[in-house]
Each structure stands twice: as structure tokens, then as C-alpha cells.
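Content type mmCIF, C-alpha atoms, from the file upload_10.cif:
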data_run
#
loop_
_atom_site.label_atom_id
_atom_site.label_comp_id
_atom_site.auth_asym_id
_atom_site.auth_seq_id
_atom_site.Cartn_x
_atom_site.Cartn_y
_atom_site.Cartn_z
CA MET A 1 -15.34 6.61 -10.87
CA VAL A 2 -11.77 7.64 -11.62
CA THR A 3 -9.18 5.58 -13.42
CA ALA A 4 -8.83 3.40 -10.33
CA THR A 5 -11.32 0.92 -11.77
CA ARG A 6 -11.51 1.65 -15.51
CA PRO A 7 -10.04 -1.08 -17.72
CA LEU A 8 -7.44 0.04 -20.23
CA PRO A 9 -8.58 -0.61 -23.81
CA PRO A 10 -6.24 -2.04 -26.46
CA LEU A 11 -3.72 0.49 -27.73
CA PRO A 12 -5.09 2.05 -30.94
CA ARG A 13 -2.96 3.37 -33.75
CA ALA A 14 -3.91 6.93 -33.00
CA THR A 15 -5.35 8.02 -29.68
CA ALA A 16 -6.78 11.43 -29.00
CA ARG A 17 -4.88 13.00 -26.14
CA PRO A 18 -6.67 15.21 -23.63
CA PRO A 19 -5.99 18.94 -23.84
CA ARG A 20 -2.92 19.92 -21.87
CA ALA A 21 -5.01 22.01 -19.46
CA ASP A 22 -7.20 18.98 -18.67
CA ALA A 23 -4.44 16.36 -18.53
CA LEU A 24 -4.55 16.32 -14.72
CA ARG A 25 -8.30 16.64 -14.28
CA HIS A 26 -8.86 12.95 -13.59
CA LEU A 27 -5.67 12.40 -11.56
CA GLY A 28 -6.94 10.78 -8.38
CA PRO A 29 -5.19 9.84 -5.13
CA ASN A 30 -5.09 6.21 -6.32
CA TRP A 31 -2.06 7.12 -8.44
CA TYR A 32 0.10 7.12 -5.32
CA ALA A 33 -0.15 3.33 -5.52
CA CYS A 34 2.49 3.51 -8.26
CA VAL A 35 4.90 5.05 -5.75
CA MET A 36 3.99 2.54 -3.05
CA GLY A 37 4.43 -0.40 -5.39
CA THR A 38 7.81 0.81 -6.66
CA ALA A 39 9.17 1.65 -3.21
CA VAL A 40 8.17 -1.73 -1.78
CA VAL A 41 10.06 -3.57 -4.55
CA ALA A 42 13.21 -1.88 -3.25
CA GLY A 43 12.37 -2.13 0.45
CA ALA A 44 11.24 -5.76 0.35
CA GLY A 45 14.27 -6.75 -1.70
CA ALA A 46 16.52 -5.31 1.00
CA VAL A 47 15.27 -7.80 3.62
CA LEU A 48 16.12 -10.84 1.50
CA PRO A 49 19.38 -12.67 2.31
CA VAL A 50 20.84 -12.00 -1.15
CA HIS A 51 24.52 -11.22 -1.59
CA ALA A 52 24.78 -11.32 -5.38
CA PRO A 53 26.90 -8.57 -6.99
CA GLY A 54 24.80 -5.65 -8.15
CA TRP A 55 21.75 -6.62 -6.08
CA HIS A 56 21.99 -3.75 -3.59
CA PRO A 57 22.79 -1.08 -6.23
CA SER A 58 19.83 -2.30 -8.29
CA LEU A 59 17.52 -1.93 -5.32
CA THR A 60 18.91 1.54 -4.67
CA ALA A 61 18.11 2.53 -8.26
CA VAL A 62 14.52 1.31 -7.82
CA TRP A 63 14.25 3.29 -4.59
CA ALA A 64 15.53 6.39 -6.41
CA LEU A 65 12.85 5.84 -9.06
CA SER A 66 10.19 5.75 -6.35
CA LEU A 67 11.54 9.04 -4.96
CA VAL A 68 11.28 10.67 -8.40
CA LEU A 69 7.77 9.31 -8.89
CA LEU A 70 6.76 10.68 -5.49
CA ALA A 71 8.08 14.15 -6.32
CA VAL A 72 6.31 14.16 -9.70
CA LEU A 73 3.00 13.00 -8.25
CA LEU A 74 3.11 15.48 -5.36
CA ALA A 75 3.58 18.29 -7.88
CA ALA A 76 0.86 16.93 -10.17
CA ARG A 77 -1.61 16.53 -7.33
CA ALA A 78 -0.86 20.07 -6.15
CA LEU A 79 -1.69 21.34 -9.64
CA HIS A 80 -4.81 19.18 -9.62
CA TRP A 81 -6.04 20.85 -6.44
CA ALA A 82 -5.15 24.30 -7.79
CA ARG A 83 -6.73 23.93 -11.25
CA HIS A 84 -9.45 21.34 -10.71
CA ARG A 85 -10.65 21.98 -7.19
CA ASP A 86 -14.15 20.83 -8.11
CA ARG A 87 -12.86 17.39 -9.05
CA ALA A 88 -10.65 17.20 -5.98
CA ARG A 89 -13.61 17.93 -3.71
CA ALA A 90 -15.74 15.45 -5.64
CA HIS A 91 -13.10 12.79 -4.97
CA LEU A 92 -13.41 13.37 -1.22
CA LEU A 93 -17.18 13.00 -1.42
CA ASP A 94 -17.02 9.87 -3.59
CA PRO A 95 -17.10 6.72 -1.42
CA ALA A 96 -15.22 4.83 -4.15
CA VAL A 97 -12.34 7.34 -4.27
CA ALA A 98 -12.01 8.85 -0.78
CA PRO A 99 -10.36 5.75 0.79
CA PHE A 100 -7.46 6.13 -1.65
CA TYR A 101 -6.32 9.22 0.25
CA GLY A 102 -4.60 6.74 2.53
CA CYS A 103 -2.25 5.99 -0.37
CA LEU A 104 -0.60 9.42 -0.02
CA SER A 105 0.48 8.58 3.51
CA MET A 106 1.80 5.15 2.57
CA ALA A 107 3.69 6.53 -0.43
CA LEU A 108 5.48 9.07 1.78
CA LEU A 109 6.29 6.44 4.40
CA ALA A 110 7.46 3.77 1.94
CA VAL A 111 9.88 6.11 0.19
CA GLY A 112 11.13 7.60 3.45
CA GLY A 113 11.62 4.19 5.06
CA GLY A 114 13.93 3.11 2.24
CA ALA A 115 16.22 6.13 2.59
CA PRO A 116 18.39 4.94 5.55
CA VAL A 117 18.65 1.42 4.10
CA LEU A 118 19.16 2.16 0.39
CA GLY A 119 19.26 5.90 -0.22
CA ARG A 120 22.24 6.33 2.10
CA ASP A 121 24.46 4.88 -0.65
CA TRP A 122 23.73 7.88 -2.90
CA ILE A 123 22.93 10.78 -0.58
CA GLY A 124 24.81 9.82 2.59
CA LEU A 125 23.50 8.60 5.94
CA ARG A 126 22.79 12.02 7.45
CA ALA A 127 20.73 13.22 4.49
CA ALA A 128 18.97 9.85 4.31
CA VAL A 129 17.92 10.02 7.97
CA VAL A 130 16.71 13.60 7.57
CA LEU A 131 14.70 12.63 4.48
CA ASP A 132 13.22 9.67 6.32
CA ALA A 133 12.31 11.84 9.33
CA VAL A 134 10.59 14.44 7.15
CA LEU A 135 8.63 11.92 5.09
CA PHE A 136 7.80 9.85 8.18
CA THR A 137 6.42 12.89 9.98
CA ALA A 138 4.40 14.03 6.99
CA GLY A 139 3.18 10.53 6.16
CA THR A 140 2.15 9.82 9.74
CA ALA A 141 0.24 13.09 10.01
CA VAL A 142 -1.57 12.45 6.71
CA GLY A 143 -2.26 8.83 7.66
CA LEU A 144 -3.76 9.67 11.04
CA ALA A 145 -5.88 12.40 9.45
CA ALA A 146 -7.12 9.99 6.77
CA ALA A 147 -7.87 7.30 9.37
CA VAL A 148 -10.28 9.73 11.04
CA ALA A 149 -11.55 11.84 8.14
CA VAL A 150 -12.45 9.07 5.67
CA PRO A 151 -14.56 7.00 8.11
CA TYR A 152 -16.20 10.25 9.24
CA LEU A 153 -17.11 11.18 5.66
CA MET A 154 -18.38 7.64 5.06
CA ALA A 155 -20.67 8.01 8.06
CA VAL A 156 -22.06 11.51 7.48
CA ARG A 157 -21.74 12.13 3.72
CA HIS A 158 -21.17 8.94 1.74
CA ARG A 159 -24.06 6.91 3.22
CA VAL A 160 -22.63 3.54 2.21
CA THR A 161 -24.15 0.18 3.08
CA ALA A 162 -22.61 -3.14 4.06
CA ARG A 163 -23.32 -4.50 0.57
CA GLU A 164 -20.96 -1.84 -0.81
CA ALA A 165 -18.02 -2.89 1.37
CA THR A 166 -14.78 -3.20 -0.60
CA PRO A 167 -11.16 -3.91 0.41
CA ALA A 168 -10.40 -0.26 -0.45
CA TRP A 169 -12.07 0.66 2.85
CA LEU A 170 -8.92 -0.68 4.54
CA LEU A 171 -6.60 1.83 2.84
CA PRO A 172 -6.97 4.76 5.28
CA LEU A 173 -6.98 2.34 8.22
CA VAL A 174 -3.76 0.57 7.29
CA ALA A 175 -1.79 3.82 6.84
CA PRO A 176 -1.02 4.12 10.61
CA MET A 177 0.21 0.51 10.52
CA VAL A 178 2.75 1.51 7.88
CA SER A 179 3.90 4.27 10.24
CA ALA A 180 4.14 1.68 13.01
CA ALA A 181 6.39 -0.49 10.83
CA PHE A 182 8.73 2.31 9.74
CA GLY A 183 8.86 4.26 13.01
CA PRO A 184 11.27 1.83 14.72
CA ARG A 185 13.83 2.45 11.97
CA LEU A 186 14.28 6.00 13.27
CA VAL A 187 14.61 4.95 16.93
CA PRO A 188 18.42 4.32 16.83
CA TYR A 189 18.99 7.83 15.45
CA LEU A 190 17.24 9.55 18.38
CA PRO A 191 18.89 10.43 21.70
CA GLU A 192 18.82 7.65 24.26
CA GLY A 193 16.13 7.57 26.92
CA GLN A 194 12.76 9.25 26.59
CA PRO A 195 12.92 10.12 22.85
CA ARG A 196 13.60 6.54 21.78
CA ALA A 197 11.04 5.00 24.12
CA THR A 198 8.43 7.57 23.11
CA LEU A 199 8.79 6.86 19.38
CA LEU A 200 8.75 3.09 19.94
CA LEU A 201 5.61 3.17 22.08
CA ALA A 202 3.96 5.72 19.77
CA SER A 203 4.57 3.28 16.91
CA PHE A 204 3.08 0.50 19.03
CA ALA A 205 0.04 2.68 19.71
CA MET A 206 -0.44 3.21 15.95
CA PHE A 207 -0.12 -0.55 15.56
CA GLY A 208 -3.07 -0.99 17.91
CA LEU A 209 -5.06 1.80 16.30
CA SER A 210 -4.77 0.27 12.86
CA LEU A 211 -5.15 -3.34 13.99
CA LEU A 212 -8.39 -2.78 15.90
CA ALA A 213 -9.88 -0.70 13.09
CA THR A 214 -8.94 -3.44 10.62
CA LEU A 215 -10.48 -6.14 12.80
CA ILE A 216 -13.75 -4.20 12.72
CA THR A 217 -13.73 -3.57 8.97
CA LEU A 218 -12.32 -6.83 7.59
CA PRO A 219 -15.38 -8.92 8.57
CA LEU A 220 -17.54 -6.54 6.51
CA VAL A 221 -15.31 -7.10 3.49
CA PHE A 222 -15.19 -10.88 3.93
CA GLY A 223 -18.92 -11.08 4.59
CA ARG A 224 -19.68 -8.96 1.52
CA LEU A 225 -17.53 -11.29 -0.60
CA LEU A 226 -19.26 -14.44 0.67
CA THR A 227 -22.84 -13.17 0.56
CA GLY A 228 -22.73 -10.61 -2.25
CA GLY A 229 -20.68 -12.53 -4.77
CA PRO A 230 -17.41 -11.67 -6.54
CA PRO A 231 -16.62 -8.01 -7.21
CA PRO A 232 -16.77 -6.58 -10.75
CA LEU A 233 -13.90 -7.73 -12.94
CA ALA A 234 -11.94 -4.46 -12.78
CA LEU A 235 -12.20 -4.39 -8.97
CA THR A 236 -11.14 -8.01 -8.43
CA PRO A 237 -7.42 -7.14 -7.91
CA THR A 238 -8.40 -5.00 -4.89
CA LEU A 239 -8.94 -8.23 -2.97
CA PHE A 240 -5.15 -8.24 -2.57
CA LEU A 241 -5.44 -5.07 -0.46
CA VAL A 242 -6.45 -7.25 2.49
CA LEU A 243 -2.88 -8.56 2.58
CA GLY A 244 -1.65 -5.05 3.43
CA PRO A 245 -2.63 -4.87 7.12
CA LEU A 246 -1.74 -8.54 7.60
CA GLY A 247 1.78 -8.36 6.21
CA GLN A 248 2.46 -4.86 7.52
CA SER A 249 1.41 -5.72 11.07
CA THR A 250 3.69 -8.78 11.05
CA THR A 251 6.50 -6.54 9.79
CA ALA A 252 5.79 -3.98 12.50
CA ALA A 253 5.80 -6.60 15.26
CA GLY A 254 9.23 -7.75 14.10
CA ALA A 255 10.50 -4.16 13.94
CA PHE A 256 9.42 -3.54 17.55
CA ALA A 257 11.36 -6.61 18.67
CA ASP A 258 14.47 -5.50 16.78
CA VAL A 259 14.83 -2.14 18.57
CA ALA A 260 13.18 -2.81 21.96
CA PRO A 261 16.32 -4.04 23.81
CA GLY A 262 17.86 -1.08 25.58
CA VAL A 263 14.92 1.18 24.71
CA VAL A 264 12.22 -0.16 27.05
CA PRO A 265 12.98 -1.84 30.38
CA ALA A 266 12.81 -5.57 31.04
CA PRO A 267 10.72 -7.64 30.74
CA TYR A 268 8.98 -5.55 28.06
CA ASP A 269 11.99 -5.67 25.73
CA GLU A 270 11.86 -9.47 25.66
CA GLY A 271 8.08 -9.34 25.47
CA PHE A 272 8.26 -7.63 22.10
CA GLY A 273 10.34 -10.53 20.79
CA VAL A 274 7.81 -13.07 22.03
CA PHE A 275 4.96 -11.01 20.59
CA ALA A 276 6.64 -10.84 17.17
CA VAL A 277 6.47 -14.63 16.84
CA LEU A 278 3.20 -15.37 18.62
CA TYR A 279 1.41 -12.69 16.63
CA GLY A 280 3.22 -12.98 13.31
CA VAL A 281 2.95 -16.72 12.72
CA PRO A 282 -0.87 -17.03 12.83
CA VAL A 283 -1.41 -13.74 11.00
CA MET A 284 0.94 -14.82 8.22
CA GLY A 285 -1.01 -18.06 8.04
CA PHE A 286 -4.24 -16.15 7.44
CA ALA A 287 -2.42 -13.95 4.90
CA LEU A 288 -1.50 -17.06 2.90
CA LEU A 289 -5.11 -18.25 3.05
CA TRP A 290 -6.31 -14.90 1.73
CA LEU A 291 -3.61 -14.87 -0.93
CA CYS A 292 -4.89 -18.17 -2.30
CA LEU A 293 -8.51 -16.98 -2.16
CA ALA A 294 -7.74 -13.68 -3.87
CA THR A 295 -5.62 -15.42 -6.52
CA ALA A 296 -8.49 -17.78 -7.32
CA HIS A 297 -10.82 -14.80 -7.83
CA VAL A 298 -8.26 -13.06 -10.05
CA VAL A 299 -7.83 -16.17 -12.20
CA ARG A 300 -11.61 -16.38 -12.53
CA ALA A 301 -11.83 -12.71 -13.49
CA TRP A 302 -9.01 -13.07 -16.02
CA ARG A 303 -10.75 -15.98 -17.70
CA ARG A 304 -13.86 -13.80 -17.95
CA GLY A 305 -12.08 -10.96 -19.72
CA MET A 306 -10.51 -8.82 -16.99
CA ARG A 307 -8.17 -6.27 -18.58
CA PHE A 308 -5.68 -3.84 -17.13
CA ALA A 309 -6.88 -1.14 -14.75
CA MET A 310 -5.04 0.92 -12.16
CA THR A 311 -6.35 -1.55 -9.60
CA TRP A 312 -3.60 -3.90 -10.78
CA TRP A 313 -1.24 -1.95 -8.53
CA SER A 314 -3.03 -3.78 -5.70
CA PHE A 315 -0.82 -6.74 -6.59
CA THR A 316 2.32 -4.89 -5.47
CA PHE A 317 2.43 -3.12 -2.09
CA PRO A 318 0.26 -5.63 -0.17
CA VAL A 319 2.37 -8.55 -1.41
CA GLY A 320 5.50 -6.57 -0.54
CA THR A 321 4.36 -6.24 3.07
CA CYS A 322 4.04 -10.03 3.20
CA VAL A 323 7.62 -10.30 1.95
CA THR A 324 8.88 -8.08 4.77
CA GLY A 325 6.62 -9.90 7.24
CA ALA A 326 8.06 -13.26 6.20
CA GLY A 327 11.54 -11.77 6.48
CA ALA A 328 10.80 -10.63 10.03
CA LEU A 329 9.59 -14.10 10.99
CA ALA A 330 12.69 -15.66 9.42
CA SER A 331 14.85 -13.37 11.54
CA HIS A 332 13.04 -14.08 14.82
CA THR A 333 12.40 -17.81 14.38
CA GLY A 334 15.49 -18.85 12.45
CA LEU A 335 13.34 -21.05 10.21
CA VAL A 336 14.48 -21.42 6.61
CA VAL A 337 10.87 -21.93 5.51
CA TYR A 338 10.19 -18.23 6.04
CA ASP A 339 13.19 -17.31 3.91
CA VAL A 340 11.78 -19.53 1.16
CA LEU A 341 8.38 -17.89 1.58
CA ALA A 342 9.92 -14.42 1.36
CA PHE A 343 11.77 -15.29 -1.87
CA THR A 344 8.63 -16.82 -3.40
CA LEU A 345 6.48 -13.82 -2.56
CA TYR A 346 9.18 -11.45 -3.81
CA ALA A 347 9.20 -13.20 -7.18
CA LEU A 348 5.43 -12.66 -7.34
CA LEU A 349 5.91 -9.02 -6.33
CA ALA A 350 8.57 -8.33 -8.95
CA GLY A 351 6.49 -9.88 -11.71
CA ALA A 352 3.36 -7.97 -10.67
CA TRP A 353 5.28 -4.68 -10.52
CA ALA A 354 6.75 -5.20 -14.00
CA VAL A 355 3.32 -5.90 -15.51
CA ALA A 356 1.60 -3.00 -13.74
CA ALA A 357 4.40 -0.57 -14.56
CA TRP A 358 4.43 -1.58 -18.24
CA HIS A 359 0.68 -1.18 -18.69
CA THR A 360 0.65 2.10 -16.77
CA ALA A 361 3.40 3.55 -18.95
CA ARG A 362 1.54 2.28 -22.01
CA GLY A 363 -1.68 3.93 -20.84
CA LEU A 364 0.09 7.22 -20.16
CA PHE A 365 1.80 7.21 -23.53
CA SER A 366 -1.43 6.46 -25.39
CA GLY A 367 -3.39 9.04 -23.42
CA ALA A 368 -5.97 6.47 -22.31
CA LEU A 369 -5.32 6.85 -18.58
CA PRO A 370 -5.23 10.69 -18.37
CA ALA A 371 -8.37 10.86 -20.54
CA GLY A 372 -10.56 9.85 -17.61
CA PRO A 373 -13.41 7.35 -17.41
CA ALA A 374 -15.77 6.74 -20.28
CA PRO A 375 -19.39 7.82 -19.78
CA ALA A 376 -21.38 5.21 -17.89
CA PRO A 377 -24.10 3.43 -19.87
CA PRO A 378 -27.69 4.22 -18.89
CA GLY A 379 -29.44 2.04 -16.37
CA PRO A 380 -28.39 0.52 -13.04
CA ARG A 381 -24.88 -0.89 -12.67
CA PRO A 382 -24.42 -4.36 -11.18
CA ALA A 383 -22.84 -4.42 -7.73
CA THR A 384 -21.28 -7.86 -8.20
CA ASP A 385 -20.04 -10.20 -10.85
CA ARG A 386 -21.71 -13.32 -9.50
CA THR A 387 -22.32 -16.15 -11.94
CA ARG A 388 -26.06 -16.79 -12.07
#
Take the structure in the file and write it out as C-alpha cells.
Amino acid sequence: MVTATRPLPPLPRATARPPRADALRHLGPNWYACVMGTAVVAGAGAVLPVHAPGWHPSLTAVWALSLVLLAVLLAARALHWARHRDRARAHLLDPAVAPFYGCLSMALLAVGGGAPVLGRDWIGLRAAVVLDAVLFTAGTAVGLAAAVAVPYLMAVRHRVTAREATPAWLLPLVAPMVSAAFGPRLVPYLPEGQPRATLLLASFAMFGLSLLATLITLPLVFGRLLTGGPPPLALTPTLFLVLGPLGQSTTAAGAFADVAPGVVPAPYDEGFGVFAVLYGVPVMGFALLWLCLATAHVVRAWRRGMRFAMTWWSFTFPVGTCVTGAGALASHTGLVVYDVLAFTLYALLAGAWAVAAWHTARGLFSGALPAGPAPAPPGPRPATDRTR
């Protein structure tokens, strides 16, 4: 297993750093979660009704940081494939790592989606739209490929069982939903008529693709949790990944309603507005239920000695999608309660991002994260952390 699930030990006074040539050997696709989590702090903050001085420039600076992180990770992963092709192929054939290839798509989409809203202040609207279009196209292509390739590998190569179901299985399936949420942002910049309607309905099709795949997979995850017991301590934060498709689909439904008037004919334009509320309200209700359940498991794991692992980034992007989903419901229902919910979830998001970013920087500086996983002890490894 890569650093996605390895707890970070206490910082020693002197830590042996890996040789420079091997520094990227254990760099897995899960590292794109750092980009996703940083970008969503900026993007989710932009939907809040905040008019305090310096708020928007601060969010723009966070978005710029996510853009830099994306560029660095793309370069590092390219070197990883060039110099450590054996490890890269092993990641694809590892059922615990392969689902994280969906993170690449979501990182591209999250950074691109923030460009017209925040990046335009620094690079101009035209450059921001071009950047968004490029990253949206690349992210959508990667996401659709991952949504097909990862389940295919799970069926023919990984040979997983229902007892091994984890929330990470949702990662390649939710990537098209992220495309569905960000696609409508590009609709106003396309020529009127067929181009706008095509992108809107293509985004709606990806909404359906991801939603139906999630509805098939989520019962396996929930059933595994109820019948197989809690996950291992280091994997407990991944329970928050379930919030991703819930919050992102609510966000997407609101985005469709925002751009549908004038793009699709009546009564379909009004239908998108009705759908945004009738779909979003119950789904957000289930998201809050899952948030409470996942939080209870995390508190339990923390009391039993859970320490930092890269899985802590699961606390960021999924919660951020719930912030944007609550913001969409606030816009389409006019209810203040959804504004309050968005602010509350954003506070949770900001705190989680600060903690995950601090520990990640600490692990990089000490060399503990690039060093790779410690050798596994002999004997079988427990599949759960159930209290006997």
C-alpha cells in the first residue's frame, strides 16, 4: 500500500531521507487529493455570501496555490512514470491504489473550474476561460477513462470481493460528476444555440452516468460497513469520500438550473430549476446523515490512536462539495438555513484543510512521506477494526 493509508510517525530529531533518485518512487495518484482539497477551499469560499474586505483576494491566492500544486504534481507524476514505470504499473494493478486515478481528473477540473471565478482577477477573463476549457477537457477525458478502466481492472485483474469494498471505489465514479458540475460554467462562453445546449446536455449525461454508478456501488460500501465492522484506523477518514458524489451532484443540479434558461427550450429550462430543489434537498439530507455517521467513526478511531495519514485529505474535497451543494440550494430555495449550513460546513472544511496541509508539509520536510510504506509485519492483516 502506498502512503495513502500509512500513518505518519512522530517527527524524529533526525530522519533519513530517501535517495534523490528514489524520492518519487512511492508517489501515488492519491497525492492529487492535495490539489483537490486546496482548490475546493477557494471554490467553495466563492459561493458564500461574504463581502468582507480581502475575502476574494484571499480565495484567489488559495486558488493560485492549487494551480502551482497541480503543475508540480503533474511534473512529478510524469517523472514517476518515466523513472519508476514498474511502480506505476503496480499501482494500476493494486485494488487499493487504482481507484485514486480518479483524483487526477478531479484535480484538473477543480483548478480549472476556479479560473473564471477567481483566476480572472490575476490572469484576465480570456486567459481564465481558456485555462478552464483546457483543464475541463483534459479532466473530463481522464475521468471518463478512469470510470471505465478502473471498474474493468477490478473485474478482470483485481479480483476483489464485497468484503473489501471501501469508499475509495467511488473515486473514479464521481469524477464524471465533477465534470457535470463544472461544465455549465463554460456554457455562457460558447456560441449560442447548438454548442451551449450540447455542453449542457452532455454535462447532464455525465451526471446520470456518475449517479447511477454511485447508486450501484454505495450500497456495497454501506453494507460492508454495517456487516464487516469499522475500517482500519488509517482508512477511517475515507468514509468522508461518500459525501463527494452527494454534494457534487447537488451542486451540479443547481448549476444546470442556473444556465438552462435560454439554452434549452421550455419547459425543460424550468424543469432544471424544479429538479435542482426536488433532487438536492433529500440528497443533502442523506449527506448530513452520512456526515454524522462518518464523524462518529472518526472520533472513535481518534480515541483508539488514529494518527495522520494521507487519507486525512478525505476531510477536504468531499466536505467542500457539500458547501457548494448547500450554496446551490440556498440560491434556488431562498432559505437562510442553507446559507447557515454552507458557512458551518466551510468552517469544517477550512479547519480540515489547515490540519491536513500542515501534517503533509511536515511529512515532506521530515522525509517520512516520500520514504514509502514500512514493511508489513508477517502474518495475515485484519480487514476491519471491529471491537470484539
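In this model, the gap between CA of Pro99 (chain A) and CA of Pro172 (chain A) comes to 5.7 Å.
In this model, the gap between CA of Leu93 (chain A) and CA of Val174 (chain A) comes to 20.3 Å.
From CA of Met206 (chain A) back to CA of Pro245 (chain A), the distance works out to 12.2 Å.
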Contacts of Ala141 (chain A) within 9 Å, all atoms listed in the file, excl. fewer than 5 positions in-chain, as an MDAnalysis selection string: chainID A and resid 105 136 146
Residue with smallest distance to Gly305 (chain A) - pool A:Ala115, A:Ala175, A:Leu233, A:Val97, counting all atoms listed in the file: A:Leu233
Option closest in space to Phe240 (chain A), from A:Gly119, A:Pro167, A:Gly325, A:Gly143 [counting only C-alpha atoms]: A:Pro167
Report, as AutoDock Vina command-line options, the axis-aligned box around all atoms of region 63-74 of chain A present in the file, extended by 3 Å on each side; give centre and edge lengths in Å to one decimal place.
--center_x 9.3 --center_y 9.4 --center_z -7.1 --size_x 18.5 --size_y 18.2 --size_z 11.1
Hits of the PyMOL selection byres ((chain A and resi 346) around 8) in this structure, as a compact mmCIF listing (two decimals) with C-alpha atoms, keeping the file's coordinate frame:
# COMPACT_ATOMS: atom_id res chain seq x y z
CA VAL A 41 10.06 -3.57 -4.55
CA ALA A 44 11.24 -5.76 0.35
CA GLY A 45 14.27 -6.75 -1.70
CA VAL A 319 2.37 -8.55 -1.41
CA GLY A 320 5.50 -6.57 -0.54
CA VAL A 323 7.62 -10.30 1.95
CA ALA A 342 9.92 -14.42 1.36
CA PHE A 343 11.77 -15.29 -1.87
CA THR A 344 8.63 -16.82 -3.40
CA LEU A 345 6.48 -13.82 -2.56
CA ALA A 347 9.20 -13.20 -7.18
CA LEU A 348 5.43 -12.66 -7.34
CA LEU A 349 5.91 -9.02 -6.33
CA ALA A 350 8.57 -8.33 -8.95
Quick one: apply the PyMOL selection byres ((chain A and resi 183) around 12) to the file and drop the selected residues here as a tab-separated table (two decimals) with C-alpha atoms, keeping the file's coordinate frame.
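Done, and the output landed in part11.tsv:
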chain	number	residue	atom	x	y	z
A	109	LEU	CA	6.29	6.44	4.40
A	110	ALA	CA	7.46	3.77	1.94
A	112	GLY	CA	11.13	7.60	3.45
A	113	GLY	CA	11.62	4.19	5.06
A	114	GLY	CA	13.93	3.11	2.24
A	129	VAL	CA	17.92	10.02	7.97
A	132	ASP	CA	13.22	9.67	6.32
A	133	ALA	CA	12.31	11.84	9.33
A	134	VAL	CA	10.59	14.44	7.15
A	135	LEU	CA	8.63	11.92	5.09
A	136	PHE	CA	7.80	9.85	8.18
A	137	THR	CA	6.42	12.89	9.98
A	139	GLY	CA	3.18	10.53	6.16
A	140	THR	CA	2.15	9.82	9.74
A	176	PRO	CA	-1.02	4.12	10.61
A	177	MET	CA	0.21	0.51	10.52
A	178	VAL	CA	2.75	1.51	7.88
A	179	SER	CA	3.90	4.27	10.24
A	180	ALA	CA	4.14	1.68	13.01
A	181	ALA	CA	6.39	-0.49	10.83
A	182	PHE	CA	8.73	2.31	9.74
A	184	PRO	CA	11.27	1.83	14.72
A	185	ARG	CA	13.83	2.45	11.97
A	186	LEU	CA	14.28	6.00	13.27
A	187	VAL	CA	14.61	4.95	16.93
A	188	PRO	CA	18.42	4.32	16.83
A	189	TYR	CA	18.99	7.83	15.45
A	190	LEU	CA	17.24	9.55	18.38
A	196	ARG	CA	13.60	6.54	21.78
A	197	ALA	CA	11.04	5.00	24.12
A	198	THR	CA	8.43	7.57	23.11
A	199	LEU	CA	8.79	6.86	19.38
A	200	LEU	CA	8.75	3.09	19.94
A	201	LEU	CA	5.61	3.17	22.08
A	202	ALA	CA	3.96	5.72	19.77
A	203	SER	CA	4.57	3.28	16.91
A	204	PHE	CA	3.08	0.50	19.03
A	205	ALA	CA	0.04	2.68	19.71
A	206	MET	CA	-0.44	3.21	15.95
A	207	PHE	CA	-0.12	-0.55	15.56
A	251	THR	CA	6.50	-6.54	9.79
A	252	ALA	CA	5.79	-3.98	12.50
A	253	ALA	CA	5.80	-6.60	15.26
A	255	ALA	CA	10.50	-4.16	13.94
A	256	PHE	CA	9.42	-3.54	17.55
A	258	ASP	CA	14.47	-5.50	16.78
A	259	VAL	CA	14.83	-2.14	18.57
Explicit residue set for the PyMOL selection byres ((chain A and resi 311) around 7), as a VMD selection string: chain A and resid 4 to 5 235 237 to 238 309 to 310 312 to 314
Write the residues you've just listed into a file as a compact mmCIF listing (two decimals), in the frame of the given file, and include C-alpha atoms for each of them.
# COMPACT_ATOMS: atom_id res chain seq x y z
CA ALA A 4 -8.83 3.40 -10.33
CA THR A 5 -11.32 0.92 -11.77
CA LEU A 235 -12.20 -4.39 -8.97
CA PRO A 237 -7.42 -7.14 -7.91
CA THR A 238 -8.40 -5.00 -4.89
CA ALA A 309 -6.88 -1.14 -14.75
CA MET A 310 -5.04 0.92 -12.16
CA TRP A 312 -3.60 -3.90 -10.78
CA TRP A 313 -1.24 -1.95 -8.53
CA SER A 314 -3.03 -3.78 -5.70
Which of A:Ala168, A:Val117, A:Leu226, A:Ala76 sits closest to Leu27 (chain A) [using all atoms listed in the file]: A:Ala76
Cut-off 8 Å around (-7.9, 1.9, 13.8) with all atoms listed in the file: residues as a count of residues only: 12
8 Å contact set for Cys103 (chain A), all atoms listed in the file, chain neighbours under 2 positions out, as a ChimeraX atom specification: /A:29-30,32-33,36,100-101,105-107,171-172,175
Keeping only C-alpha atoms, write those residues as a short mmCIF file (atom, residue, chain, number, x, y, z; two decimals), in the frame of the given file.
data_model
loop_
_atom_site.label_atom_id
_atom_site.label_comp_id
_atom_site.auth_asym_id
_atom_site.auth_seq_id
_atom_site.Cartn_x
_atom_site.Cartn_y
_atom_site.Cartn_z
CA PRO A 29 -5.19 9.84 -5.13
CA ASN A 30 -5.09 6.21 -6.32
CA TYR A 32 0.10 7.12 -5.32
CA ALA A 33 -0.15 3.33 -5.52
CA MET A 36 3.99 2.54 -3.05
CA PHE A 100 -7.46 6.13 -1.65
CA TYR A 101 -6.32 9.22 0.25
CA SER A 105 0.48 8.58 3.51
CA MET A 106 1.80 5.15 2.57
CA ALA A 107 3.69 6.53 -0.43
CA LEU A 171 -6.60 1.83 2.84
CA PRO A 172 -6.97 4.76 5.28
CA ALA A 175 -1.79 3.82 6.84
#
Residue contacts of Ala46 (chain A) (8 Å, all atoms listed in the file) excluding same-chain residues fewer than 5 positions away, as a ChimeraX atom specification: /A:56,59,117-118
